[in-house]
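Engineer: run_24.tsv is reproduced below (TSV, C-alpha atoms).
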```tsv
chain	number	residue	atom	x	y	z
A	28	MET	CA	22.49	49.66	-108.25
A	29	LYS	CA	23.27	46.61	-110.38
A	30	PRO	CA	23.57	43.22	-108.62
A	31	LEU	CA	27.35	42.92	-108.99
A	32	THR	CA	27.94	46.50	-107.86
A	33	LYS	CA	25.72	45.86	-104.84
A	34	ALA	CA	27.58	42.63	-104.11
A	35	ILE	CA	30.90	44.50	-104.06
A	36	HIS	CA	29.41	47.17	-101.83
A	37	ASP	CA	28.05	44.55	-99.41
A	38	TYR	CA	31.40	42.72	-99.42
A	39	LEU	CA	33.26	45.89	-98.41
A	40	VAL	CA	30.71	46.68	-95.69
A	41	LEU	CA	31.06	43.16	-94.28
A	42	ARG	CA	34.85	43.17	-94.29
A	43	ARG	CA	35.03	46.62	-92.70
A	44	SER	CA	32.64	45.51	-89.97
A	45	LEU	CA	35.22	42.84	-89.14
A	46	GLY	CA	37.91	45.47	-88.63
A	47	PHE	CA	39.55	45.65	-92.06
A	48	LYS	CA	40.02	49.24	-93.28
A	49	LEU	CA	40.27	48.36	-97.00
A	50	ARG	CA	41.10	51.89	-98.10
A	51	ASP	CA	42.90	50.93	-101.30
A	52	ALA	CA	40.80	47.81	-101.91
A	53	GLY	CA	37.61	49.83	-101.56
A	54	MET	CA	38.65	52.38	-104.18
A	55	VAL	CA	39.94	49.71	-106.56
A	56	LEU	CA	36.90	47.43	-106.31
A	57	THR	CA	34.58	50.40	-106.86
A	58	LYS	CA	36.41	51.04	-110.14
A	59	PHE	CA	36.14	47.35	-110.99
A	60	ALA	CA	32.37	47.54	-110.45
A	61	SER	CA	32.17	50.48	-112.88
A	62	PHE	CA	34.21	48.52	-115.43
A	63	MET	CA	31.89	45.52	-115.14
A	64	GLU	CA	28.85	47.75	-115.66
A	65	GLN	CA	30.43	49.21	-118.80
A	66	GLN	CA	30.95	45.65	-120.07
A	67	ASN	CA	27.34	44.76	-119.22
A	68	ALA	CA	28.81	41.77	-117.36
A	69	GLU	CA	26.62	40.03	-114.85
A	70	CYS	CA	29.31	37.82	-113.29
A	71	VAL	CA	33.06	37.86	-112.74
A	72	THR	CA	35.14	35.90	-115.22
A	73	THR	CA	38.88	35.35	-115.19
A	74	GLN	CA	39.26	37.04	-118.57
A	75	LEU	CA	37.35	40.15	-117.53
A	76	ALA	CA	39.36	40.33	-114.30
A	77	LEU	CA	42.60	40.12	-116.30
A	78	ASP	CA	41.47	42.71	-118.84
A	79	TRP	CA	40.67	45.14	-116.07
A	80	ALA	CA	43.68	44.38	-113.86
A	81	GLN	CA	46.17	45.05	-116.67
A	82	GLN	CA	45.22	48.72	-116.87
A	83	PRO	CA	46.90	51.00	-117.55
A	84	SER	CA	49.06	49.13	-120.03
A	85	ASN	CA	52.22	51.01	-119.01
A	86	ALA	CA	51.88	50.26	-115.27
A	87	GLN	CA	54.32	48.13	-113.31
A	88	PRO	CA	53.57	44.38	-112.96
A	89	ALA	CA	53.25	44.90	-109.21
A	90	HIS	CA	50.35	47.30	-109.86
A	91	TRP	CA	48.58	44.74	-112.06
A	92	ALA	CA	49.11	41.96	-109.54
A	93	GLN	CA	47.70	44.07	-106.71
A	94	ARG	CA	44.58	44.99	-108.69
A	95	LEU	CA	43.96	41.35	-109.57
A	96	SER	CA	44.45	40.25	-105.96
A	97	TYR	CA	41.64	42.57	-104.82
A	98	VAL	CA	39.29	41.08	-107.43
A	99	ARG	CA	40.38	37.55	-106.50
A	100	CYS	CA	39.50	38.11	-102.84
A	101	PHE	CA	36.09	39.46	-103.76
A	102	ALA	CA	35.43	36.67	-106.28
A	103	ARG	CA	36.35	34.01	-103.73
A	104	HIS	CA	33.77	35.50	-101.37
A	105	HIS	CA	31.10	36.06	-104.02
A	106	ALA	CA	31.39	32.54	-105.48
A	107	ALA	CA	29.62	31.20	-102.38
A	108	SER	CA	26.40	32.98	-103.41
A	109	ASP	CA	26.91	33.04	-107.19
A	110	PRO	CA	28.37	29.73	-108.50
A	111	SER	CA	28.88	31.28	-111.96
A	112	THR	CA	31.65	33.46	-110.52
A	113	GLU	CA	35.15	32.55	-111.70
A	114	VAL	CA	37.96	33.01	-109.19
A	115	PRO	CA	41.20	34.06	-110.97
A	116	PRO	CA	43.87	31.44	-110.20
A	117	PRO	CA	46.74	32.59	-107.93
A	118	GLY	CA	49.36	32.01	-110.65
A	119	LEU	CA	48.05	34.75	-112.93
A	120	LEU	CA	50.12	37.96	-113.13
A	121	PRO	CA	52.63	36.59	-110.61
A	122	PHE	CA	54.63	39.11	-108.66
A	123	ARG	CA	56.64	38.45	-105.54
A	124	PRO	CA	57.63	41.66	-103.75
A	125	ALA	CA	61.02	41.80	-102.09
A	126	ARG	CA	60.37	41.55	-98.37
A	127	ALA	CA	62.63	43.39	-95.97
A	128	HIS	CA	64.84	41.20	-93.81
A	129	PRO	CA	64.33	41.74	-90.07
A	130	TYR	CA	67.32	43.27	-88.30
A	131	LEU	CA	68.06	42.71	-84.62
A	132	TYR	CA	69.81	45.71	-83.12
A	133	SER	CA	72.53	45.15	-80.58
A	134	LEU	CA	72.45	47.10	-77.33
A	135	ASP	CA	75.59	48.94	-78.45
A	136	GLU	CA	73.92	50.05	-81.70
A	137	ILE	CA	70.91	51.39	-79.83
A	138	GLU	CA	73.11	53.27	-77.38
A	139	ARG	CA	75.04	54.86	-80.26
A	140	LEU	CA	71.80	55.86	-82.01
A	141	LEU	CA	70.64	57.58	-78.83
A	142	GLU	CA	74.00	59.29	-78.36
A	143	HIS	CA	73.94	60.67	-81.90
A	144	ALA	CA	70.32	61.76	-81.52
A	145	LEU	CA	71.56	64.19	-78.85
A	146	GLN	CA	73.95	65.67	-81.42
A	147	LEU	CA	71.29	66.47	-84.01
A	148	SER	CA	71.29	69.86	-85.67
A	149	PRO	CA	70.02	72.51	-85.88
A	150	ASN	CA	70.85	73.57	-82.39
A	151	THR	CA	67.31	73.37	-81.06
A	152	GLU	CA	67.42	71.41	-77.85
A	153	LEU	CA	63.90	70.03	-78.11
A	154	ARG	CA	64.53	68.26	-81.45
A	155	ARG	CA	67.48	66.41	-79.97
A	156	TRP	CA	65.60	65.27	-76.91
A	157	THR	CA	62.49	64.42	-78.90
A	158	TYR	CA	64.38	61.94	-81.07
A	159	HIS	CA	66.31	60.61	-78.09
A	160	ALA	CA	63.03	59.92	-76.26
A	161	LEU	CA	61.24	58.56	-79.33
A	162	LEU	CA	63.98	56.11	-80.35
A	163	GLY	CA	64.44	55.04	-76.76
A	164	LEU	CA	60.74	54.32	-76.40
A	165	LEU	CA	60.57	52.36	-79.66
A	166	SER	CA	63.52	50.20	-78.63
A	167	VAL	CA	61.92	48.95	-75.40
A	168	THR	CA	58.15	48.85	-76.01
A	169	GLY	CA	57.54	47.18	-79.37
A	170	LEU	CA	55.37	50.10	-80.51
A	171	ARG	CA	54.86	50.67	-84.20
A	172	VAL	CA	56.29	53.99	-85.37
A	173	GLY	CA	52.85	55.37	-86.19
A	174	GLU	CA	51.54	54.36	-82.78
A	175	ALA	CA	54.32	56.28	-81.04
A	176	LEU	CA	53.78	59.37	-83.19
A	177	ARG	CA	50.04	59.31	-82.47
A	178	LEU	CA	50.51	59.27	-78.69
A	179	ARG	CA	48.80	62.23	-77.08
A	180	LEU	CA	49.97	63.89	-73.92
A	181	ASP	CA	47.22	62.30	-71.84
A	182	ASP	CA	47.99	58.85	-73.32
A	183	VAL	CA	51.33	58.84	-71.50
A	184	ASP	CA	50.70	58.21	-67.80
A	185	LEU	CA	54.10	58.51	-66.18
A	186	ASP	CA	52.68	58.20	-62.66
A	187	THR	CA	51.58	54.62	-63.25
A	188	GLY	CA	54.02	53.92	-66.09
A	189	VAL	CA	51.38	52.95	-68.65
A	190	LEU	CA	50.89	54.09	-72.25
A	191	THR	CA	47.44	54.04	-73.86
A	192	VAL	CA	47.86	53.15	-77.52
A	193	ARG	CA	44.65	53.99	-79.37
A	194	GLY	CA	43.20	52.94	-82.70
A	195	THR	CA	45.95	50.53	-83.71
A	196	LYS	CA	45.77	47.76	-86.30
A	197	PHE	CA	42.18	46.61	-86.90
A	198	GLY	CA	40.96	49.57	-84.82
A	199	LYS	CA	41.98	48.07	-81.49
A	200	SER	CA	43.55	49.86	-78.50
A	201	ARG	CA	45.86	48.51	-75.81
A	202	LEU	CA	47.74	49.42	-72.64
A	203	VAL	CA	51.54	49.19	-72.68
A	204	PRO	CA	53.43	49.18	-69.36
A	205	ILE	CA	56.89	50.73	-69.34
A	206	HIS	CA	59.88	50.10	-67.08
A	207	ALA	CA	60.79	52.60	-64.37
A	208	SER	CA	63.95	53.62	-66.25
A	209	THR	CA	61.90	54.27	-69.40
A	210	ARG	CA	59.40	56.25	-67.33
A	211	ASP	CA	62.23	58.43	-66.01
A	212	ASP	CA	63.57	59.06	-69.53
A	213	GLN	CA	60.14	60.04	-70.82
A	214	ALA	CA	59.53	62.25	-67.78
A	215	ASN	CA	62.80	64.05	-68.54
A	216	TYR	CA	61.63	64.62	-72.12
A	217	ARG	CA	58.21	65.82	-71.00
A	218	ALA	CA	59.80	68.38	-68.67
A	219	ARG	CA	62.05	69.68	-71.48
A	220	ARG	CA	59.05	69.70	-73.82
A	221	ALA	CA	56.99	71.78	-71.37
A	222	SER	CA	59.86	74.22	-70.81
A	223	HIS	CA	60.39	74.71	-74.55
A	224	LEU	CA	56.72	75.07	-75.53
A	225	GLY	CA	55.69	77.31	-72.66
A	226	ASP	CA	52.05	78.34	-73.10
A	227	ARG	CA	51.72	76.91	-76.61
A	228	ASP	CA	49.05	74.22	-76.88
A	229	ALA	CA	50.33	70.86	-78.15
A	230	THR	CA	48.23	67.72	-77.87
A	231	HIS	CA	50.73	65.12	-79.07
A	232	PHE	CA	53.50	63.81	-76.85
A	233	PHE	CA	56.31	63.84	-79.43
A	234	VAL	CA	56.33	67.22	-81.13
A	235	THR	CA	58.38	69.55	-83.28
A	236	ARG	CA	59.87	72.77	-81.91
A	237	THR	CA	56.63	74.53	-82.90
A	238	GLY	CA	54.45	72.03	-81.03
A	239	HIS	CA	53.14	70.13	-84.04
A	240	ARG	CA	53.01	66.36	-84.28
A	241	LEU	CA	56.12	64.79	-85.80
A	242	ASP	CA	55.86	63.85	-89.47
A	243	GLY	CA	56.52	60.18	-90.19
A	244	GLY	CA	58.58	60.95	-93.29
A	245	ASP	CA	60.82	63.38	-91.39
A	246	VAL	CA	61.26	60.84	-88.60
A	247	ARG	CA	62.42	58.16	-91.03
A	248	ARG	CA	64.78	60.51	-92.86
A	249	THR	CA	66.32	61.56	-89.55
A	250	PHE	CA	66.68	57.93	-88.51
A	251	TYR	CA	68.41	57.07	-91.82
A	252	SER	CA	70.83	59.93	-91.26
A	253	LEU	CA	71.63	58.72	-87.75
A	254	SER	CA	72.02	55.17	-89.06
A	255	ARG	CA	74.61	56.31	-91.59
A	256	GLN	CA	76.50	58.25	-88.95
A	257	ILE	CA	77.01	55.15	-86.80
A	258	GLY	CA	77.64	52.75	-89.70
A	259	LEU	CA	74.31	50.89	-89.77
A	260	ARG	CA	73.88	52.03	-93.38
A	261	ALA	CA	76.41	53.04	-96.00
A	262	MET	CA	76.13	56.60	-97.28
A	263	HIS	CA	74.18	55.68	-100.42
A	264	ASP	CA	72.28	52.59	-99.22
A	265	SER	CA	68.57	52.64	-100.05
A	266	HIS	CA	67.90	49.64	-97.81
A	267	GLY	CA	68.99	48.68	-94.33
A	268	PRO	CA	67.82	48.49	-90.72
A	269	ARG	CA	64.46	50.18	-90.23
A	270	LEU	CA	62.58	51.78	-87.37
A	271	HIS	CA	60.14	48.87	-87.54
A	272	ASP	CA	63.02	46.52	-86.67
A	273	PHE	CA	62.93	47.82	-83.10
A	274	ARG	CA	59.67	45.88	-82.92
A	275	HIS	CA	61.43	42.68	-84.03
A	276	ARG	CA	64.14	43.17	-81.43
A	277	PHE	CA	61.54	43.71	-78.71
A	278	ALA	CA	59.76	40.47	-79.63
A	279	VAL	CA	62.99	38.44	-79.65
A	280	GLU	CA	64.28	39.93	-76.40
A	281	THR	CA	60.92	39.22	-74.74
A	282	LEU	CA	61.00	35.58	-75.82
A	283	LEU	CA	64.58	35.18	-74.64
A	284	SER	CA	63.79	36.71	-71.26
A	285	TRP	CA	60.89	34.26	-70.85
```
Would you give me this structure, written as structure tokens?
Structural biologist:
Amino acid sequence: MKPLTKAIHDYLVLRRSLGFKLRDAGMVLTKFASFMEQQNAECVTTQLALDWAQQPSNAQPAHWAQRLSYVRCFARHHAASDPSTEVPPPGLLPFRPARAHPYLYSLDEIERLLEHALQLSPNTELRRWTYHALLGLLSVTGLRVGEALRLRLDDVDLDTGVLTVRGTKFGKSRLVPIHASTRDDQANYRARRASHLGDRDATHFFVTRTGHRLDGGDVRRTFYSLSRQIGLRAMHDSHGPRLHDFRHRFAVETLLSW
């Protein structure tokens, strides 16, 4: 293993040991290491980083900027042990992604979302109650969507009113207490879930009619449909209030209650 390739490998190992997953960065930097070996380059230079980042030539500027940012982070780290390393300046290949604007749902909007969730088709009762319970839980707990979808049956302790959220951001887990009214709503869903599934084995709390874990893409598409029905989005809007905005509302409401 050549020195620069080893340095990239050690950098990824170090960062991952600190809790960073670096899935995309790991793949991209491994390709950068191969490129540097092909160039017989012993140190990172700004020009080499640019030459590599701007591949393929027909890619979007955002793709180039992301590739260069991964190299920049590595170079900044590696420069401490190899002073010949050049760190690409931040102004190169500039790209500023459009950030979504947080949306704070009103109580009326949440109530209408829940009402329309109970009118979902097809006429399978579990689907309606699954989305009613899921959206209700997101609106009062601050959970990320993925965290809610990953909840397993034994993670939801309705006797004590505590959720165990496992393997969240940076690999951490946490306990989330829920209000008695939320506990009652989730208990109602769990009873309907058990009645519908019968003897079928289903490990996740929020499930489809066949007992499988809900798909994140389907959940978002269903939420967009509900949003259009109550006027949160126009029929052809590609942007608007998101599921993640329940998290913003939870944070603001918590601060106000304090």
Engineer: Just the residues within 9 Å of region 213-218 of chain A, please, counting only C-alpha atoms, with nothing from its chain fewer than 3 positions along; format it as a PyMOL selection string.
Structural biologist: chain A and resi 153+156-157+159-161+163-164+180+183+185+208-210+221-223+232-233
Engineer: With C-alpha atoms retained, write the just-selected residues as a PDB file, in the frame of the given file.
Structural biologist:
```pdb
ATOM      1  CA  LEU A 153      63.900  70.030 -78.110  1.00  0.00           C
ATOM      2  CA  TRP A 156      65.600  65.270 -76.910  1.00  0.00           C
ATOM      3  CA  THR A 157      62.490  64.420 -78.900  1.00  0.00           C
ATOM      4  CA  HIS A 159      66.310  60.610 -78.090  1.00  0.00           C
ATOM      5  CA  ALA A 160      63.030  59.920 -76.260  1.00  0.00           C
ATOM      6  CA  LEU A 161      61.240  58.560 -79.330  1.00  0.00           C
ATOM      7  CA  GLY A 163      64.440  55.040 -76.760  1.00  0.00           C
ATOM      8  CA  LEU A 164      60.740  54.320 -76.400  1.00  0.00           C
ATOM      9  CA  LEU A 180      49.970  63.890 -73.920  1.00  0.00           C
ATOM     10  CA  VAL A 183      51.330  58.840 -71.500  1.00  0.00           C
ATOM     11  CA  LEU A 185      54.100  58.510 -66.180  1.00  0.00           C
ATOM     12  CA  SER A 208      63.950  53.620 -66.250  1.00  0.00           C
ATOM     13  CA  THR A 209      61.900  54.270 -69.400  1.00  0.00           C
ATOM     14  CA  ARG A 210      59.400  56.250 -67.330  1.00  0.00           C
ATOM     15  CA  ALA A 221      56.990  71.780 -71.370  1.00  0.00           C
ATOM     16  CA  SER A 222      59.860  74.220 -70.810  1.00  0.00           C
ATOM     17  CA  HIS A 223      60.390  74.710 -74.550  1.00  0.00           C
ATOM     18  CA  PHE A 232      53.500  63.810 -76.850  1.00  0.00           C
ATOM     19  CA  PHE A 233      56.310  63.840 -79.430  1.00  0.00           C
TER      20      PHE A 233
END
```
Engineer: A:Trp91, A:Tyr97, A:Trp79, A:Tyr132: which is nearest Val55 (chain A), counting all atoms listed in the file?
Structural biologist: A:Tyr97
Engineer: From the list A:Gly169, A:Leu190, A:Phe250, A:Asp228, which residue is nearest Thr281 (chain A) when using only C-alpha atoms?
Structural biologist: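 For Thr281 (chain A), the nearest of the candidates is A:Gly169.
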Engineer: Nearest to Arg171 (chain A) among A:His104, A:Lys33, A:His271, A:Lys48, with distances taken over all atoms listed in the file: which residue is it?
Structural biologist: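 Checking each candidate against Arg171 (chain A), we get A:His271 as the closest.
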Engineer: Need to verify the contact set: Arg276 (chain A), 12 Å, all atoms listed in the file, exclusion of same-chain residues closer than 3 positions in sequence. Can you return it as a list in words?
Structural biologist: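 What passes the distance filter is Pro129, Tyr130, Leu131, Tyr132, Ser133, Leu134, Glu136, Ile137, Leu165, Ser166, Val167, Thr168, Gly169, Leu170, Pro268, Arg269, Leu270, His271, Asp272, Phe273, Val279, Glu280, Thr281, Leu282 and Leu283 of chain A.
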Engineer: Using only C-alpha atoms, which protein or nucleic acid residues come within 9 Å of Gly238 (chain A)? Drop anything in the same chain fewer than 2 positions from it, and give the result as a PyMOL selection string.
Structural biologist: chain A and resi 220+224+227-231+233-236+240-241
Engineer: Restricted to C-alpha atoms, what would the selected residues look like written as a PDB file, keeping the file's coordinate frame?
Structural biologist:
```
ATOM      1  CA  ARG A 220      59.050  69.700 -73.820  1.00  0.00           C
ATOM      2  CA  LEU A 224      56.720  75.070 -75.530  1.00  0.00           C
ATOM      3  CA  ARG A 227      51.720  76.910 -76.610  1.00  0.00           C
ATOM      4  CA  ASP A 228      49.050  74.220 -76.880  1.00  0.00           C
ATOM      5  CA  ALA A 229      50.330  70.860 -78.150  1.00  0.00           C
ATOM      6  CA  THR A 230      48.230  67.720 -77.870  1.00  0.00           C
ATOM      7  CA  HIS A 231      50.730  65.120 -79.070  1.00  0.00           C
ATOM      8  CA  PHE A 233      56.310  63.840 -79.430  1.00  0.00           C
ATOM      9  CA  VAL A 234      56.330  67.220 -81.130  1.00  0.00           C
ATOM     10  CA  THR A 235      58.380  69.550 -83.280  1.00  0.00           C
ATOM     11  CA  ARG A 236      59.870  72.770 -81.910  1.00  0.00           C
ATOM     12  CA  ARG A 240      53.010  66.360 -84.280  1.00  0.00           C
ATOM     13  CA  LEU A 241      56.120  64.790 -85.800  1.00  0.00           C
TER      14      LEU A 241
END
```
Engineer: Find the residue from A:Leu176, A:Met262, A:Leu162, A:Met63 that sits nearest to Glu138 (chain A); use all atoms listed in the file when measuring.
Structural biologist: A:Leu162
Engineer: Within 12 Å of Phe122 (chain A), counting only C-alpha atoms, which residues show up once you throw out same-chain ones fewer than 5 positions away? Write them as a list in words, please.
Structural biologist: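 Once the adjacent positions are removed, what remains is Gln87, Pro88, Ala89, His90, Trp91, Ala92, Gln93, Arg94, Leu95, Ser96 and Pro117 of chain A.
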Engineer: Which polymer residues have any atom within 12 Å of an atom of Ala76 (chain A), counting only C-alpha atoms, with same-chain residues fewer than 6 positions away left out, as a PyMOL selection string?
Structural biologist: chain A and resi 56+58-60+62-63+66+68+70+82+91-102+112-116+119-120
Engineer: What separation in Å, quoted to one decimal, exists between CA of Ala34 (chain A) and CA of Lys196 (chain A)?
Structural biologist: 26.0 Å
Engineer: So how far away is CA of Ala127 (chain A) from CA of Ser252 (chain A), in Å?
Structural biologist: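 Computed distance, CA of Ser252 (chain A) to CA of Ala127 (chain A), equals 19.1 Å.
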Engineer: Record the distance separating CA of Pro149 (chain A) and CA of Gly243 (chain A), expressed in Å with one decimal.
Structural biologist: 18.8 Å
Engineer: From the set A:Asp226, A:Asp109, A:Asp264, A:Glu174, which residue has the shortest atom-to-atom contact distance to Leu202 (chain A), counting only C-alpha atoms?
Structural biologist: A:Glu174
Engineer: Region 155-162 of chain A, all listed atoms, 4 Å padding on each side: what axis-aligned box centre and edge lengths in Å to one decimal come out, as AutoDock Vina command-line options?
Structural biologist:
```
--center_x 64.4 --center_y 61.3 --center_z -78.7 --size_x 14.2 --size_y 18.3 --size_z 12.8
```
Engineer: A:Asn85, A:Thr72, A:Gln65, A:Thr249: which is nearest Arg154 (chain A), counting only C-alpha atoms?
Structural biologist: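 Once distances to Arg154 (chain A) are computed over only C-alpha atoms, the minimum belongs to A:Thr249.
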